[in-house]
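Engineer: The following block contains the structure, expressed as C-alpha cells.
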Amino acid sequence: MTGPPSVFRSVHPRERPWAQVVAGITLAAIAVPEVLGFARIAGMPIQTGLFTMIVPVVAYVAFCSSKHLVVGADSATAAILAAGLGSLAVAGSHEYVRLAGMVAVLTGVLLVIARLLRLGFLADFLSRTLLVGFLAGVGVQVACGQLPEVLGVPVHAHGTVVTVVDVVRNLGSATPTDMALSAATMLIIVVGERFAPKVPWALLVVVGSIAFVGLGGPDVSTIADVPSGLPIPVLPGADLDQIHRLMPTVLILAVVVLAQSAATARAYAARRDELVDVDADLAGLGAANLMAGLSGAFVVNGSPTRTEIAASAGGTTQLAQLVSAGAALVVLVALAPTLTYLPTAVLASIVTVIAVRLVDVHALRHI
C-alpha cells in the first residue's frame, strides 16, 4: 500500500512537472464547462460548480493515495443531491444552498468514519450491474429535465414523466433560436469529440456562445449573474429533523462516492502497476467533502471521465489536478462576469450530452 502522497513528494523529476502543468490546463479547459452544468443539475448557484474544483481538490490531494484520481462535482452525485433536497427547499435558494452544504459535511463525516474503520474493502462488494443501472436512470432523468431549455419551451413541471409530457404538449411554442443553439452545441461536441477527442469542444462552445451573445447576437435567455470572488467560508447547519430527513440522501451519496472513486483509482493504478490505498483515499474524499460543505460548494466525487482526461493529457501526479484548481480560481476571480452572457440553451445542451453519456449502452446490452 502506498501512503498519502504529499504534493511535493508526488512530483518526481522523471514525471516531468511541465507535462503535469499542461495536463492540468487541459483538464481545466474541459472540466470548467462541465462543473457549470453539474451545478445546474444539483440545483445550486452556477459559481458553486467552480468552487468544487478549488478547496475540495486541495483537501483531497493532502490526504489521498491515488496519483491519478480527479475529484470534483459529478453528474450522478449532483442528481442525487437534487432529488434529496427537492422536497426540502427551493433549488438555488439560500436555504437550499445551506442544506446542500450540510449534506456535503455529513457525507464527509461518513467517509472519514469509513476510513477510521478501514471499510475501503466494501467497494469490492458493490455490484457493477447495480451501478450501471443506477447511472442509466440518473442519465435519463437529467436529460429529460433539460428538455424545456434545450427546446426553449415554457414548462414549469416537476418530475421526469410530467416534464416530458408538458414539453410534448407545448412543442408548438418552442423557440427557434434556442433550438438552433442547442442543435449546434450538441453537434459540435459530439462530432468534434469523435474526430478530435483531445480538443476541449465544450469550452470552445461556451466561449463562442458568450462572444456571440455579448457582441450583439440574438436576444436569448441567458444564465443568472455569476458573482466573482473567492469561495467564502460558511458554516452550514440544520436542525435535528432536517438532518434526519437528509440522512438517506447522505448514505446514498457516501456509497456512490466510495464505489465510483475506489473503482476509478484502482483501475488507473493498475495501468501503471501501482498500488493504491483505498482507505487513504477515503480520508481524502472525506476531507474534500468536508471542505466542500464549508466553502459553499456541494458534494464532490471521484470522476472517471476527468481522470481519463488528465491521464490522456499526460497527467501522472496530483500536480495536474492542482494546476486545474488554479485555473478554475482564475476563471472564478477574473472571468465570472462574462459567464452571464452564456445562453441557457447552450448550458442545458452541454448537460444533456453529459447525461446521455451516463447511459452505458454497451454495459446494459452485456447485462
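All residue names refer to the C-alpha cells as shown: chains lettered A, B, ... in order, residues numbered from 1 in each chain, ligands numbered from 1 in order.
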Identify, on the basis of only C-alpha atoms, every residue whose closest approach to region 215-217 of chain A does not exceed 10 Å; exclude the query and any residue fewer than 5 positions from it along the same chain; express the result as a PyMOL selection string.
Structural biologist: chain A and resi 209-210+341
Engineer: Write out as JSON lines the residues of region 110-219 of chain A that have any atom within 7 Å of an atom of region 276-283 of chain A, one row each with the nearest atom pair and its distance in Å to one decimal, counting only C-alpha atoms, sorted by chain and then rising number.
Structural biologist:
{"residue": "A:Leu111", "atom": "CA", "partner": "A:Leu282", "partner_atom": "CA", "distance": 5.8}
{"residue": "A:Val112", "atom": "CA", "partner": "A:Ala283", "partner_atom": "CA", "distance": 5.4}
{"residue": "A:Arg115", "atom": "CA", "partner": "A:Asp279", "partner_atom": "CA", "distance": 5.2}
{"residue": "A:Arg118", "atom": "CA", "partner": "A:Asp279", "partner_atom": "CA", "distance": 5.9}
{"residue": "A:Gly120", "atom": "CA", "partner": "A:Asp279", "partner_atom": "CA", "distance": 5.1}
Engineer: Report, in Å to a single decimal, how far apart CA of Val70 (chain A) and CA of Val256 (chain A) are.
Structural biologist: 15.3 Å
Engineer: Contacts of region 182-192 of chain A at 7 Å or less, counting only C-alpha atoms, minus same-chain residues fewer than 2 places along, as a list in words?
Structural biologist: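 The neighbour list is Val150, Asp178, Met179, Ala180, Arg194, Phe195, Ala196, Pro197, Trp201, Ala202, Val205, Ala345, Val346, Ser349 and Val353 of chain A.
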Engineer: The selected residues should be written to file as a CSV table (one decimal), in the first residue's frame (atoms: all heavy atoms).
Structural biologist:
chain,number,residue,atom,x,y,z
A,150,VAL,N,-33.5,23.2,-23.5
A,150,VAL,CA,-32.9,22.8,-24.8
A,150,VAL,C,-33.8,23.3,-26.0
A,150,VAL,O,-33.3,23.8,-27.0
A,150,VAL,CB,-32.7,21.3,-24.9
A,150,VAL,CG1,-32.4,20.8,-26.3
A,150,VAL,CG2,-31.5,20.9,-23.9
A,178,ASP,N,-33.3,29.1,-29.6
A,178,ASP,CA,-32.9,28.2,-28.6
A,178,ASP,C,-32.6,26.8,-29.2
A,178,ASP,O,-31.6,26.1,-28.9
A,178,ASP,CB,-33.8,28.0,-27.5
A,178,ASP,CG,-33.8,29.3,-26.6
A,178,ASP,OD1,-32.8,30.0,-26.6
A,178,ASP,OD2,-34.8,29.5,-25.8
A,179,MET,N,-33.5,26.4,-30.1
A,179,MET,CA,-33.4,25.1,-30.7
A,179,MET,C,-32.2,25.0,-31.6
A,179,MET,O,-31.4,24.0,-31.6
A,179,MET,CB,-34.7,24.7,-31.6
A,179,MET,CG,-35.9,24.5,-30.7
A,179,MET,SD,-37.4,24.3,-31.7
A,179,MET,CE,-37.0,22.7,-32.5
A,180,ALA,N,-31.9,26.1,-32.3
A,180,ALA,CA,-30.7,26.2,-33.2
A,180,ALA,C,-29.4,26.1,-32.4
A,180,ALA,O,-28.5,25.4,-32.7
A,180,ALA,CB,-30.8,27.4,-34.1
A,194,ARG,N,-15.6,13.1,-31.6
A,194,ARG,CA,-15.5,11.9,-32.4
A,194,ARG,C,-14.2,11.9,-33.3
A,194,ARG,O,-13.5,10.9,-33.4
A,194,ARG,CB,-16.7,11.7,-33.3
A,194,ARG,CG,-16.6,10.5,-34.3
A,194,ARG,CD,-16.6,9.2,-33.6
A,194,ARG,NE,-16.5,8.1,-34.6
A,194,ARG,CZ,-15.4,7.6,-35.2
A,194,ARG,NH1,-14.2,8.2,-34.9
A,194,ARG,NH2,-15.5,6.6,-36.0
A,195,PHE,N,-13.9,13.1,-33.8
A,195,PHE,CA,-12.7,13.2,-34.7
A,195,PHE,C,-11.5,13.8,-34.1
A,195,PHE,O,-10.4,13.6,-34.5
A,195,PHE,CB,-13.1,14.0,-36.0
A,195,PHE,CG,-14.1,13.3,-36.8
A,195,PHE,CD1,-15.5,13.6,-36.8
A,195,PHE,CD2,-13.8,12.2,-37.7
A,195,PHE,CE1,-16.4,12.9,-37.5
A,195,PHE,CE2,-14.7,11.6,-38.5
A,195,PHE,CZ,-16.0,11.9,-38.4
A,196,ALA,N,-11.7,14.6,-33.0
A,196,ALA,CA,-10.6,15.3,-32.3
A,196,ALA,C,-10.9,15.3,-30.8
A,196,ALA,O,-11.2,16.3,-30.2
A,196,ALA,CB,-10.4,16.7,-32.8
A,197,PRO,N,-10.7,14.1,-30.2
A,197,PRO,CA,-11.1,14.0,-28.8
A,197,PRO,C,-10.4,14.8,-27.8
A,197,PRO,O,-10.8,15.0,-26.7
A,197,PRO,CB,-10.9,12.4,-28.5
A,197,PRO,CG,-10.0,12.0,-29.6
A,197,PRO,CD,-10.2,12.8,-30.8
A,201,TRP,N,-13.9,20.8,-26.8
A,201,TRP,CA,-15.1,21.3,-27.6
A,201,TRP,C,-16.1,22.0,-26.7
A,201,TRP,O,-16.7,23.0,-27.2
A,201,TRP,CB,-15.7,20.2,-28.4
A,201,TRP,CG,-14.8,19.6,-29.4
A,201,TRP,CD1,-14.1,18.4,-29.4
A,201,TRP,CD2,-14.4,20.3,-30.7
A,201,TRP,NE1,-13.4,18.3,-30.5
A,201,TRP,CE2,-13.5,19.4,-31.3
A,201,TRP,CE3,-14.8,21.5,-31.3
A,201,TRP,CZ2,-13.0,19.7,-32.6
A,201,TRP,CZ3,-14.2,21.8,-32.5
A,201,TRP,CH2,-13.3,20.9,-33.2
A,202,ALA,N,-16.4,21.5,-25.6
A,202,ALA,CA,-17.4,22.1,-24.7
A,202,ALA,C,-16.9,23.6,-24.3
A,202,ALA,O,-17.7,24.5,-24.3
A,202,ALA,CB,-17.6,21.3,-23.4
A,205,VAL,N,-17.4,25.9,-27.3
A,205,VAL,CA,-18.8,26.2,-27.5
A,205,VAL,C,-19.2,27.3,-26.5
A,205,VAL,O,-19.9,28.3,-26.8
A,205,VAL,CB,-19.7,25.0,-27.3
A,205,VAL,CG1,-21.1,25.4,-27.2
A,205,VAL,CG2,-19.5,24.0,-28.5
A,345,ALA,N,-29.8,27.7,-23.2
A,345,ALA,CA,-29.9,26.6,-24.2
A,345,ALA,C,-28.6,25.9,-24.4
A,345,ALA,O,-28.5,24.7,-24.5
A,345,ALA,CB,-30.4,27.1,-25.5
A,346,VAL,N,-27.5,26.7,-24.4
A,346,VAL,CA,-26.1,26.1,-24.6
A,346,VAL,C,-25.8,25.2,-23.3
A,346,VAL,O,-25.3,24.1,-23.4
A,346,VAL,CB,-25.1,27.2,-24.9
A,346,VAL,CG1,-23.7,26.6,-24.8
A,346,VAL,CG2,-25.4,27.8,-26.2
A,349,SER,N,-27.8,22.1,-23.1
A,349,SER,CA,-27.3,21.1,-24.1
A,349,SER,C,-26.1,20.4,-23.7
A,349,SER,O,-25.9,19.2,-23.9
A,349,SER,CB,-27.1,21.8,-25.5
A,349,SER,OG,-28.3,22.4,-26.0
A,353,VAL,N,-25.8,16.3,-23.0
A,353,VAL,CA,-24.7,15.5,-23.6
A,353,VAL,C,-24.0,14.7,-22.5
A,353,VAL,O,-23.8,13.4,-22.6
A,353,VAL,CB,-23.7,16.3,-24.4
A,353,VAL,CG1,-22.5,15.4,-24.8
A,353,VAL,CG2,-24.3,16.9,-25.6
Engineer: Give me the residues within 10 Å of Gly137 (chain A) as a list in words, counting only C-alpha atoms and dropping any in the same chain fewer than 3 places off.
Structural biologist: Ala76, Leu131, Val132, Gly133, Phe134, Val140, Gln141, Val142, Ala355, Leu358 and Val359 of chain A
Engineer: Save out the residues we just selected, N, CA and C atoms, as a compact mmCIF listing (two decimals), in the first residue's frame.
Structural biologist:
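Output below, filename again.txt:
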# COMPACT_ATOMS: atom_id res chain seq x y z
N ALA A 76 -23.74 12.22 -11.35
CA ALA A 76 -24.55 11.30 -10.57
C ALA A 76 -24.84 11.86 -9.18
N LEU A 131 -24.66 -0.36 -10.31
CA LEU A 131 -24.17 0.97 -10.64
C LEU A 131 -24.49 1.35 -12.08
N VAL A 132 -24.38 0.40 -13.00
CA VAL A 132 -24.70 0.68 -14.41
C VAL A 132 -26.16 1.07 -14.55
N GLY A 133 -27.04 0.31 -13.92
CA GLY A 133 -28.46 0.62 -13.99
C GLY A 133 -28.81 1.93 -13.31
N PHE A 134 -28.18 2.18 -12.17
CA PHE A 134 -28.42 3.42 -11.43
C PHE A 134 -28.02 4.63 -12.26
N VAL A 140 -31.09 9.40 -17.77
CA VAL A 140 -32.40 9.66 -18.39
C VAL A 140 -33.12 10.77 -17.66
N GLN A 141 -33.10 10.73 -16.33
CA GLN A 141 -33.79 11.75 -15.54
C GLN A 141 -33.22 13.14 -15.80
N VAL A 142 -31.89 13.26 -15.82
CA VAL A 142 -31.26 14.56 -16.02
C VAL A 142 -31.52 15.07 -17.43
N ALA A 355 -25.37 13.91 -19.56
CA ALA A 355 -26.34 12.97 -19.01
C ALA A 355 -26.49 11.74 -19.89
N LEU A 358 -24.06 8.99 -19.41
CA LEU A 358 -24.18 8.14 -18.23
C LEU A 358 -24.86 6.81 -18.55
N VAL A 359 -25.56 6.77 -19.68
CA VAL A 359 -26.24 5.54 -20.09
C VAL A 359 -25.24 4.69 -20.88
Engineer: So that I can see what lies close to Ile354 (chain A), please list as a count of residues only the residues with an atom at most 9 Å from it, counting only C-alpha atoms and leaving out residues fewer than 4 positions away in the same chain.
Structural biologist: 8
Engineer: Any idea what's packed within 9 Å of Leu81 (chain A), counting only C-alpha atoms, ignoring anything in its chain fewer than 6 positions away? Could you give it as a PyMOL selection string?
Structural biologist: chain A and resi 41-43+100+103+249-250+253+298-299
Engineer: Now that the selection is made, can you save its residues with N, CA, C and O atoms as a compact mmCIF listing (two decimals), in the first residue's frame?
Structural biologist:
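The file below, part29.txt, is the result:
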# COMPACT_ATOMS: atom_id res chain seq x y z
N ILE A 41 -27.43 20.89 -12.52
CA ILE A 41 -28.12 19.64 -12.20
C ILE A 41 -28.42 19.57 -10.70
O ILE A 41 -29.51 19.15 -10.29
N ALA A 42 -27.47 20.01 -9.89
CA ALA A 42 -27.63 19.94 -8.44
C ALA A 42 -28.61 20.97 -7.90
O ALA A 42 -28.99 20.90 -6.73
N GLY A 43 -29.02 21.93 -8.73
CA GLY A 43 -29.91 22.98 -8.26
C GLY A 43 -29.19 24.08 -7.50
O GLY A 43 -29.81 24.85 -6.76
N ALA A 100 -27.49 21.92 1.18
CA ALA A 100 -26.52 21.21 0.33
C ALA A 100 -25.15 21.18 1.00
O ALA A 100 -24.43 20.17 0.93
N VAL A 103 -25.27 18.53 3.66
CA VAL A 103 -25.17 17.19 3.06
C VAL A 103 -23.71 16.86 2.77
O VAL A 103 -23.24 15.75 3.03
N THR A 249 -30.28 10.54 1.85
CA THR A 249 -29.51 11.09 0.74
C THR A 249 -28.01 11.01 1.03
O THR A 249 -27.22 10.65 0.16
N VAL A 250 -27.64 11.34 2.27
CA VAL A 250 -26.22 11.30 2.65
C VAL A 250 -25.67 9.88 2.54
O VAL A 250 -24.56 9.66 2.01
N LEU A 253 -25.19 8.98 -1.12
CA LEU A 253 -24.03 9.70 -1.67
C LEU A 253 -22.72 9.09 -1.20
O LEU A 253 -21.78 8.92 -1.99
N PHE A 298 -20.85 21.88 -2.98
CA PHE A 298 -21.70 20.72 -2.73
C PHE A 298 -20.86 19.46 -2.88
O PHE A 298 -19.65 19.52 -3.09
N VAL A 299 -21.49 18.31 -2.75
CA VAL A 299 -20.78 17.03 -2.68
C VAL A 299 -19.87 16.82 -3.89
O VAL A 299 -20.24 17.10 -5.03
Engineer: I need the helix (DSSP H, G or I) residues of region 63-287 of chain A per DSSP on the backbone, written as a count of residues only.
Structural biologist: 154
Engineer: Pick out the residues sitting within 12 Å of Ile232 (chain A), and hand them over as an MDAnalysis selection string; count only C-alpha atoms, and ignore anything fewer than 6 positions along from it in its own chain.
Structural biologist: chainID A and resid 47:48 51 54:55 291:297
Engineer: Now that the selection is made, can you save its residues with N, CA, C and O atoms as a PDB file, in the first residue's frame?
Structural biologist:
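Output (selection21.pdb):
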ATOM      1  N   GLN A  47     -21.862  29.358  -9.832  1.00  0.00           N
ATOM      2  CA  GLN A  47     -20.464  29.536  -9.418  1.00  0.00           C
ATOM      3  C   GLN A  47     -20.005  28.449  -8.447  1.00  0.00           C
ATOM      4  O   GLN A  47     -18.811  28.201  -8.313  1.00  0.00           O
ATOM      5  N   THR A  48     -20.947  27.771  -7.779  1.00  0.00           N
ATOM      6  CA  THR A  48     -20.548  26.729  -6.843  1.00  0.00           C
ATOM      7  C   THR A  48     -19.936  25.530  -7.569  1.00  0.00           C
ATOM      8  O   THR A  48     -19.208  24.737  -6.955  1.00  0.00           O
ATOM      9  N   PHE A  51     -16.474  26.258  -7.410  1.00  0.00           N
ATOM     10  CA  PHE A  51     -15.994  26.053  -6.042  1.00  0.00           C
ATOM     11  C   PHE A  51     -15.526  24.616  -5.828  1.00  0.00           C
ATOM     12  O   PHE A  51     -14.565  24.376  -5.088  1.00  0.00           O
ATOM     13  N   ILE A  54     -11.785  23.767  -6.427  1.00  0.00           N
ATOM     14  CA  ILE A  54     -10.705  24.535  -5.777  1.00  0.00           C
ATOM     15  C   ILE A  54     -10.388  23.965  -4.394  1.00  0.00           C
ATOM     16  O   ILE A  54      -9.505  23.112  -4.248  1.00  0.00           O
ATOM     17  N   VAL A  55     -11.078  24.407  -3.351  1.00  0.00           N
ATOM     18  CA  VAL A  55     -10.746  23.998  -1.982  1.00  0.00           C
ATOM     19  C   VAL A  55     -10.879  22.480  -1.780  1.00  0.00           C
ATOM     20  O   VAL A  55      -9.981  21.858  -1.186  1.00  0.00           O
ATOM     21  N   MET A 291     -14.598  20.065   3.257  1.00  0.00           N
ATOM     22  CA  MET A 291     -14.207  21.394   2.795  1.00  0.00           C
ATOM     23  C   MET A 291     -15.175  21.929   1.757  1.00  0.00           C
ATOM     24  O   MET A 291     -15.367  23.138   1.645  1.00  0.00           O
ATOM     25  N   ALA A 292     -15.785  21.039   0.988  1.00  0.00           N
ATOM     26  CA  ALA A 292     -16.809  21.492   0.035  1.00  0.00           C
ATOM     27  C   ALA A 292     -17.974  22.128   0.779  1.00  0.00           C
ATOM     28  O   ALA A 292     -18.449  23.216   0.428  1.00  0.00           O
ATOM     29  N   GLY A 293     -18.433  21.448   1.838  1.00  0.00           N
ATOM     30  CA  GLY A 293     -19.537  21.998   2.617  1.00  0.00           C
ATOM     31  C   GLY A 293     -19.194  23.284   3.324  1.00  0.00           C
ATOM     32  O   GLY A 293     -20.046  24.169   3.476  1.00  0.00           O
ATOM     33  N   LEU A 294     -17.926  23.424   3.729  1.00  0.00           N
ATOM     34  CA  LEU A 294     -17.502  24.618   4.466  1.00  0.00           C
ATOM     35  C   LEU A 294     -17.083  25.767   3.546  1.00  0.00           C
ATOM     36  O   LEU A 294     -16.791  26.862   4.029  1.00  0.00           O
ATOM     37  N   SER A 295     -17.032  25.522   2.242  1.00  0.00           N
ATOM     38  CA  SER A 295     -16.648  26.583   1.303  1.00  0.00           C
ATOM     39  C   SER A 295     -17.788  26.966   0.367  1.00  0.00           C
ATOM     40  O   SER A 295     -17.573  27.608  -0.667  1.00  0.00           O
ATOM     41  N   GLY A 296     -19.009  26.577   0.728  1.00  0.00           N
ATOM     42  CA  GLY A 296     -20.172  26.979  -0.066  1.00  0.00           C
ATOM     43  C   GLY A 296     -20.430  26.141  -1.286  1.00  0.00           C
ATOM     44  O   GLY A 296     -21.229  26.520  -2.147  1.00  0.00           O
ATOM     45  N   ALA A 297     -19.767  24.972  -1.407  1.00  0.00           N
ATOM     46  CA  ALA A 297     -19.951  24.104  -2.567  1.00  0.00           C
ATOM     47  C   ALA A 297     -20.903  22.962  -2.208  1.00  0.00           C
ATOM     48  O   ALA A 297     -21.663  23.040  -1.248  1.00  0.00           O
TER      49      ALA A 297
END
Engineer: For Glu274 (chain A), which of A:Ser87, A:Thr316, A:Ser303, A:Asn170 is the closest residue, counting only C-alpha atoms?
Structural biologist: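 That would be A:Thr316, the residue with the smallest distance to Glu274 (chain A).
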Engineer: Nearest to Leu106 (chain A): which of A:Pro236, A:Leu322, A:Ala328, A:Arg357 is it, counting only C-alpha atoms?
Structural biologist: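 Distance minimum relative to Leu106 (chain A) lands on A:Pro236.
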Engineer: Just give me the gap between CA of Ala62 (chain A) and CA of Phe38 (chain A) in Å, one decimal is fine.
Structural biologist: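 Going from CA of Ala62 (chain A) over to CA of Phe38 (chain A) covers 24.4 Å.
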Engineer: Which one is closest to Ala254 (chain A): A:Pro17, A:Gly92, A:Gly86, A:Gly108? Count only C-alpha atoms.
Structural biologist: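 Among A:Pro17, A:Gly92, A:Gly86, A:Gly108, it is A:Gly108 that comes nearest to Ala254 (chain A).
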